[in-house]
Amino acid sequence: MSMLDGVLAVLAASFVIIALRALPFVLMSRLSAETKWLKVAERWLSPIVIALLVVYSYSTLEWRTFMPYAAGALTVLLQLLWKNGLVSIFAGTALYMILVRLFP
Amino acid sequence: MAFRDSLPILMGYGVMGFAAGVVFAACSEMSNPAFWSAFIAATSFSGTLQFAIGNWFKDGWSAALVALTTFAISFRYAFYGISLIGRWRGIGFFRKFFLIVGLTDENYALESSRHFARQTDFERYCLLLTMFNLSYWVTGCTLGALLGDVLKIPDKGVDFVMAALFITILTDQVRQLFGRKGAVQ
């Protein structure tokens with residue numbers, strides 16, 4: 001691929017991604033922030049999207065084995081106990097890294 | 001707070017960006033992969049794209065085809081802003097534009113779930129978080145494309161860090177949604 005074609009490809013991808021991320025702000029800047037459904041969306045959309053991100057990130061792991069679920073359970077348990085995100089994330093990840101080495 | 005929240009992402013973006021850089025250098029067949037990897041990371045800030053685009057380069061895709069495919073694999077981003085419109089109200093144009101450019105899965109998850117008493121603190125948190133994470137991502141992608149063939153880091157299983165980040169945020173949110181009424185967020 002030539003230099004020019006490469007630059008054009010990168011800029012095209014960048015434009016599409018930024019436009020998608022900006023879309024709601026452009027579309028809804030005219031609407032009032034107080035509209036009822038926007039309040040509902042603020043409350044419910046985020047947990048739903050994050051739940052989908054959990055499912056998606058599991059699909060990239062060894063999801064047919066028990067390992068990511070054990071690590072996930074430890075993460076949830078620590079988060080419920082101590083509410084310390086860093087501790088939960090690093091402990092869960094450490095357990096998963098150990099498990100994938102023990103049960104390759 | 002922003003730096004603290006960015007630490008798991010340093011680990012995740014560092015390793016994932018490095019891996020994406022290695023993949024790009026291996027399959028794009030470009031003469032200066034580190035430059036391209038850094039250029040793509042700094043203009044798009046998207047893991048999915050970063051991993052996929054190496055093959056498109058090799059196959060010599062046109063900008064139109066790149067745009068169309070990027071649209072298809074990135075469509076979820078169009079939903080992220082909806083729950084931030086109200087919360088980002090009042091932030092200046094250029095700052096808001098920077099935050100929108102940086103609206104990755106991970107930044108969205110953190111920004112949509114963290115609550116501050118003062119709006120200025122929230123704005124500061126979002127800006128710092130985006131700056132930290134963008135710098136991790138660009139650094140990871142550049143180093144991966146630069147050193148990928150030379151270094152071999154024992155990263156097997158480290159990809160769980162992103163799942164774990166989303167799990168902790170979801171745990172907190174579910175606790176808030178179904179927990180005591182009027183609990184401090």
# chains A, B, ... in the order shown; residues from 1 in each chain; ligands from 1

$ residues_around --residues "segment 120-122 of chain B" --least-positions-apart "4" --cutoff "12 Å" --atoms "only C-alpha atoms" --output "PyMOL selection string"
chain B and resi 1-2+84+87-92+110-116+126-129

$ closest_atom_pairs --of "chain A" --to "chain B" --cutoff "7 Å" --atoms "only C-alpha atoms" --output "Markdown table"
| residue | atom | partner | partner_atom | distance |
| --- | --- | --- | --- | --- |
| A:Met1 | CA | B:Gly60 | CA | 5.3 |
| A:Leu8 | CA | B:Ala63 | CA | 5.8 |
| A:Ala9 | CA | B:Ala63 | CA | 4.3 |
| A:Val10 | CA | B:Ile40 | CA | 6.0 |
| A:Ala12 | CA | B:Ala67 | CA | 5.3 |
| A:Ala13 | CA | B:Ala67 | CA | 5.2 |
| A:Ser14 | CA | B:Ser44 | CA | 4.6 |
| A:Val16 | CA | B:Phe71 | CA | 6.1 |
| A:Ile17 | CA | B:Ser44 | CA | 6.5 |
| A:Ile18 | CA | B:Val101 | CA | 5.5 |
| A:Leu20 | CA | B:Ala78 | CA | 4.6 |
| A:Arg21 | CA | B:Ala78 | CA | 5.1 |
| A:Ala22 | CA | B:Ile100 | CA | 6.0 |
| A:Leu23 | CA | B:Ala78 | CA | 5.9 |
| A:Pro24 | CA | B:Gly81 | CA | 5.5 |
| A:Phe25 | CA | B:Ile85 | CA | 6.3 |
| A:Ala33 | CA | B:Gly86 | CA | 5.5 |
| A:Ala41 | CA | B:Ser83 | CA | 6.0 |
| A:Glu42 | CA | B:Ser83 | CA | 4.2 |
| A:Leu45 | CA | B:Ser83 | CA | 6.7 |
| A:Ser46 | CA | B:Ser112 | CA | 6.3 |
| A:Pro47 | CA | B:Leu170 | CA | 6.1 |
| A:Ile50 | CA | B:Phe166 | CA | 6.2 |
| A:Ala51 | CA | B:Leu170 | CA | 6.6 |
| A:Leu53 | CA | B:Phe166 | CA | 6.8 |
| A:Val54 | CA | B:Ala163 | CA | 5.5 |
| A:Ser57 | CA | B:Ala163 | CA | 5.4 |
| A:Tyr58 | CA | B:Ala163 | CA | 6.6 |
| A:Gly72 | CA | B:Ala164 | CA | 6.7 |
| A:Thr75 | CA | B:Ala164 | CA | 6.5 |
| A:Val76 | CA | B:Thr168 | CA | 6.4 |
| A:Gln79 | CA | B:Thr168 | CA | 6.2 |
| A:Gly85 | CA | B:Thr168 | CA | 6.2 |
| A:Leu86 | CA | B:Pro8 | CA | 6.9 |
| A:Ile89 | CA | B:Ala164 | CA | 5.1 |
| A:Gly92 | CA | B:Ala164 | CA | 6.5 |
| A:Thr93 | CA | B:Val161 | CA | 5.4 |
| A:Tyr96 | CA | B:Gly157 | CA | 6.1 |
| A:Met97 | CA | B:Gly157 | CA | 4.6 |
| A:Val100 | CA | B:Gly157 | CA | 6.4 |

$ atom_distance --atom1 "atom CA of Trp44 of chain A" --atom2 "atom CA of Leu27 of chain A"
20.0 Å

$ atom_distance --atom1 "atom CA of Val49 of chain A" --atom2 "atom CA of Leu95 of chain A"
25.5 Å

$ select_by_dssp --residues "segment 16-102 of chain A" --states "helix (DSSP H, G or I)" --output "PyMOL selection string"
chain A and resi 16-28+36-59+67-82+85-102

$ write_last_selection --atoms "C-alpha atoms" --output "PDB file, in the first residue's frame"
ATOM      1  CA  VAL A  16     -15.872   7.079  11.063  1.00  0.00           C
ATOM      2  CA  ILE A  17     -14.957   6.230  14.658  1.00  0.00           C
ATOM      3  CA  ILE A  18     -15.037   9.846  15.862  1.00  0.00           C
ATOM      4  CA  ALA A  19     -18.326  10.463  14.008  1.00  0.00           C
ATOM      5  CA  LEU A  20     -19.923   7.410  15.658  1.00  0.00           C
ATOM      6  CA  ARG A  21     -18.719   8.510  19.100  1.00  0.00           C
ATOM      7  CA  ALA A  22     -20.015  12.055  18.502  1.00  0.00           C
ATOM      8  CA  LEU A  23     -23.360  11.042  16.987  1.00  0.00           C
ATOM      9  CA  PRO A  24     -25.551  11.212  20.131  1.00  0.00           C
ATOM     10  CA  PHE A  25     -24.074  14.594  21.087  1.00  0.00           C
ATOM     11  CA  VAL A  26     -24.785  16.022  17.638  1.00  0.00           C
ATOM     12  CA  LEU A  27     -28.272  14.498  17.358  1.00  0.00           C
ATOM     13  CA  MET A  28     -29.478  15.327  20.812  1.00  0.00           C
ATOM     14  CA  LYS A  36     -37.729  11.547  30.662  1.00  0.00           C
ATOM     15  CA  TRP A  37     -36.295   8.815  28.458  1.00  0.00           C
ATOM     16  CA  LEU A  38     -32.845  10.365  28.622  1.00  0.00           C
ATOM     17  CA  LYS A  39     -32.994  10.073  32.421  1.00  0.00           C
ATOM     18  CA  VAL A  40     -34.018   6.438  32.055  1.00  0.00           C
ATOM     19  CA  ALA A  41     -31.206   5.877  29.550  1.00  0.00           C
ATOM     20  CA  GLU A  42     -28.634   7.450  31.886  1.00  0.00           C
ATOM     21  CA  ARG A  43     -29.698   5.074  34.627  1.00  0.00           C
ATOM     22  CA  TRP A  44     -30.072   1.797  32.711  1.00  0.00           C
ATOM     23  CA  LEU A  45     -28.045   2.014  29.518  1.00  0.00           C
ATOM     24  CA  SER A  46     -24.666   2.046  31.214  1.00  0.00           C
ATOM     25  CA  PRO A  47     -25.113  -1.189  33.241  1.00  0.00           C
ATOM     26  CA  ILE A  48     -26.608  -2.927  30.197  1.00  0.00           C
ATOM     27  CA  VAL A  49     -23.719  -1.914  27.945  1.00  0.00           C
ATOM     28  CA  ILE A  50     -21.167  -2.897  30.573  1.00  0.00           C
ATOM     29  CA  ALA A  51     -22.860  -6.292  31.015  1.00  0.00           C
ATOM     30  CA  LEU A  52     -22.540  -6.778  27.252  1.00  0.00           C
ATOM     31  CA  LEU A  53     -18.863  -5.784  27.453  1.00  0.00           C
ATOM     32  CA  VAL A  54     -18.349  -8.466  30.125  1.00  0.00           C
ATOM     33  CA  VAL A  55     -19.960 -11.061  27.832  1.00  0.00           C
ATOM     34  CA  TYR A  56     -17.900  -9.854  24.873  1.00  0.00           C
ATOM     35  CA  SER A  57     -14.618  -9.894  26.774  1.00  0.00           C
ATOM     36  CA  TYR A  58     -15.416 -13.446  27.974  1.00  0.00           C
ATOM     37  CA  SER A  59     -15.878 -14.536  24.370  1.00  0.00           C
ATOM     38  CA  MET A  67     -11.252 -20.725  34.499  1.00  0.00           C
ATOM     39  CA  PRO A  68     -12.667 -17.302  33.584  1.00  0.00           C
ATOM     40  CA  TYR A  69     -15.734 -17.984  35.760  1.00  0.00           C
ATOM     41  CA  ALA A  70     -13.605 -18.832  38.783  1.00  0.00           C
ATOM     42  CA  ALA A  71     -11.563 -15.668  38.253  1.00  0.00           C
ATOM     43  CA  GLY A  72     -14.759 -13.674  37.669  1.00  0.00           C
ATOM     44  CA  ALA A  73     -16.325 -15.037  40.871  1.00  0.00           C
ATOM     45  CA  LEU A  74     -13.236 -14.034  42.855  1.00  0.00           C
ATOM     46  CA  THR A  75     -13.391 -10.549  41.296  1.00  0.00           C
ATOM     47  CA  VAL A  76     -17.066 -10.091  42.245  1.00  0.00           C
ATOM     48  CA  LEU A  77     -16.520 -11.486  45.755  1.00  0.00           C
ATOM     49  CA  LEU A  78     -13.576  -9.169  46.497  1.00  0.00           C
ATOM     50  CA  GLN A  79     -15.441  -6.199  45.033  1.00  0.00           C
ATOM     51  CA  LEU A  80     -18.462  -6.889  47.252  1.00  0.00           C
ATOM     52  CA  LEU A  81     -16.249  -7.339  50.312  1.00  0.00           C
ATOM     53  CA  TRP A  82     -13.762  -4.476  49.989  1.00  0.00           C
ATOM     54  CA  GLY A  85     -11.449  -1.997  42.269  1.00  0.00           C
ATOM     55  CA  LEU A  86      -7.681  -2.341  41.944  1.00  0.00           C
ATOM     56  CA  VAL A  87      -7.469  -5.229  44.413  1.00  0.00           C
ATOM     57  CA  SER A  88     -10.396  -7.073  42.768  1.00  0.00           C
ATOM     58  CA  ILE A  89      -9.082  -6.595  39.229  1.00  0.00           C
ATOM     59  CA  PHE A  90      -5.495  -7.612  39.951  1.00  0.00           C
ATOM     60  CA  ALA A  91      -6.495 -10.599  42.123  1.00  0.00           C
ATOM     61  CA  GLY A  92      -8.960 -11.867  39.496  1.00  0.00           C
ATOM     62  CA  THR A  93      -6.426 -11.429  36.700  1.00  0.00           C
ATOM     63  CA  ALA A  94      -3.660 -13.088  38.730  1.00  0.00           C
ATOM     64  CA  LEU A  95      -5.914 -16.093  39.418  1.00  0.00           C
ATOM     65  CA  TYR A  96      -6.789 -16.373  35.720  1.00  0.00           C
ATOM     66  CA  MET A  97      -3.121 -16.147  34.695  1.00  0.00           C
ATOM     67  CA  ILE A  98      -2.238 -18.895  37.196  1.00  0.00           C
ATOM     68  CA  LEU A  99      -5.154 -21.100  36.077  1.00  0.00           C
ATOM     69  CA  VAL A 100      -4.337 -20.924  32.360  1.00  0.00           C
ATOM     70  CA  ARG A 101      -0.825 -22.085  33.199  1.00  0.00           C
ATOM     71  CA  LEU A 102      -2.011 -24.909  35.495  1.00  0.00           C
TER      72      LEU A 102
END

$ atom_distance --atom1 "atom CA of Ala117 of chain B" --atom2 "atom CA of Lys83 of chain A"
19.0 Å

$ residues_around --residues "Gly21 of chain B" --least-positions-apart "5" --cutoff "8 Å" --atoms "only C-alpha atoms" --output "ChimeraX atom specification"
/B:34,37,50-51,140-146,148

$ write_last_selection --atoms "N, CA and C atoms" --output "JSON list (two decimals), in the first residue's frame"
[["chain", "number", "residue", "atom", "x", "y", "z"],
["B", 34, "ALA", "N", 6.06, 0.86, 12.91],
["B", 34, "ALA", "CA", 5.90, 1.60, 14.17],
["B", 34, "ALA", "C", 5.24, 2.95, 13.92],
["B", 37, "SER", "N", 1.52, 2.21, 13.13],
["B", 37, "SER", "CA", 0.80, 1.75, 14.31],
["B", 37, "SER", "C", 0.52, 2.92, 15.25],
["B", 50, "GLN", "N", -7.45, -1.49, 15.54],
["B", 50, "GLN", "CA", -6.00, -1.63, 15.54],
["B", 50, "GLN", "C", -5.58, -3.07, 15.17],
["B", 51, "PHE", "N", -6.34, -4.04, 15.69],
["B", 51, "PHE", "CA", -6.02, -5.43, 15.37],
["B", 51, "PHE", "C", -6.38, -5.77, 13.93],
["B", 140, "GLY", "N", 1.79, 1.63, 23.84],
["B", 140, "GLY", "CA", 1.75, 0.18, 23.66],
["B", 140, "GLY", "C", 1.78, -0.21, 22.19],
["B", 141, "CYS", "N", 0.96, 0.46, 21.38],
["B", 141, "CYS", "CA", 0.88, 0.14, 19.95],
["B", 141, "CYS", "C", 2.22, 0.41, 19.25],
["B", 142, "THR", "N", 2.88, 1.51, 19.65],
["B", 142, "THR", "CA", 4.15, 1.86, 19.02],
["B", 142, "THR", "C", 5.24, 0.86, 19.39],
["B", 143, "LEU", "N", 5.35, 0.59, 20.70],
["B", 143, "LEU", "CA", 6.39, -0.33, 21.15],
["B", 143, "LEU", "C", 6.18, -1.73, 20.56],
["B", 144, "GLY", "N", 4.92, -2.16, 20.47],
["B", 144, "GLY", "CA", 4.63, -3.48, 19.93],
["B", 144, "GLY", "C", 5.11, -3.61, 18.50],
["B", 145, "ALA", "N", 4.82, -2.57, 17.69],
["B", 145, "ALA", "CA", 5.22, -2.62, 16.29],
["B", 145, "ALA", "C", 6.74, -2.50, 16.15],
["B", 146, "LEU", "N", 7.35, -1.83, 17.14],
["B", 146, "LEU", "CA", 8.79, -1.58, 17.09],
["B", 146, "LEU", "C", 9.58, -2.81, 17.56],
["B", 148, "GLY", "N", 8.17, -5.90, 18.67],
["B", 148, "GLY", "CA", 7.40, -7.14, 18.74],
["B", 148, "GLY", "C", 8.19, -8.40, 18.48]]
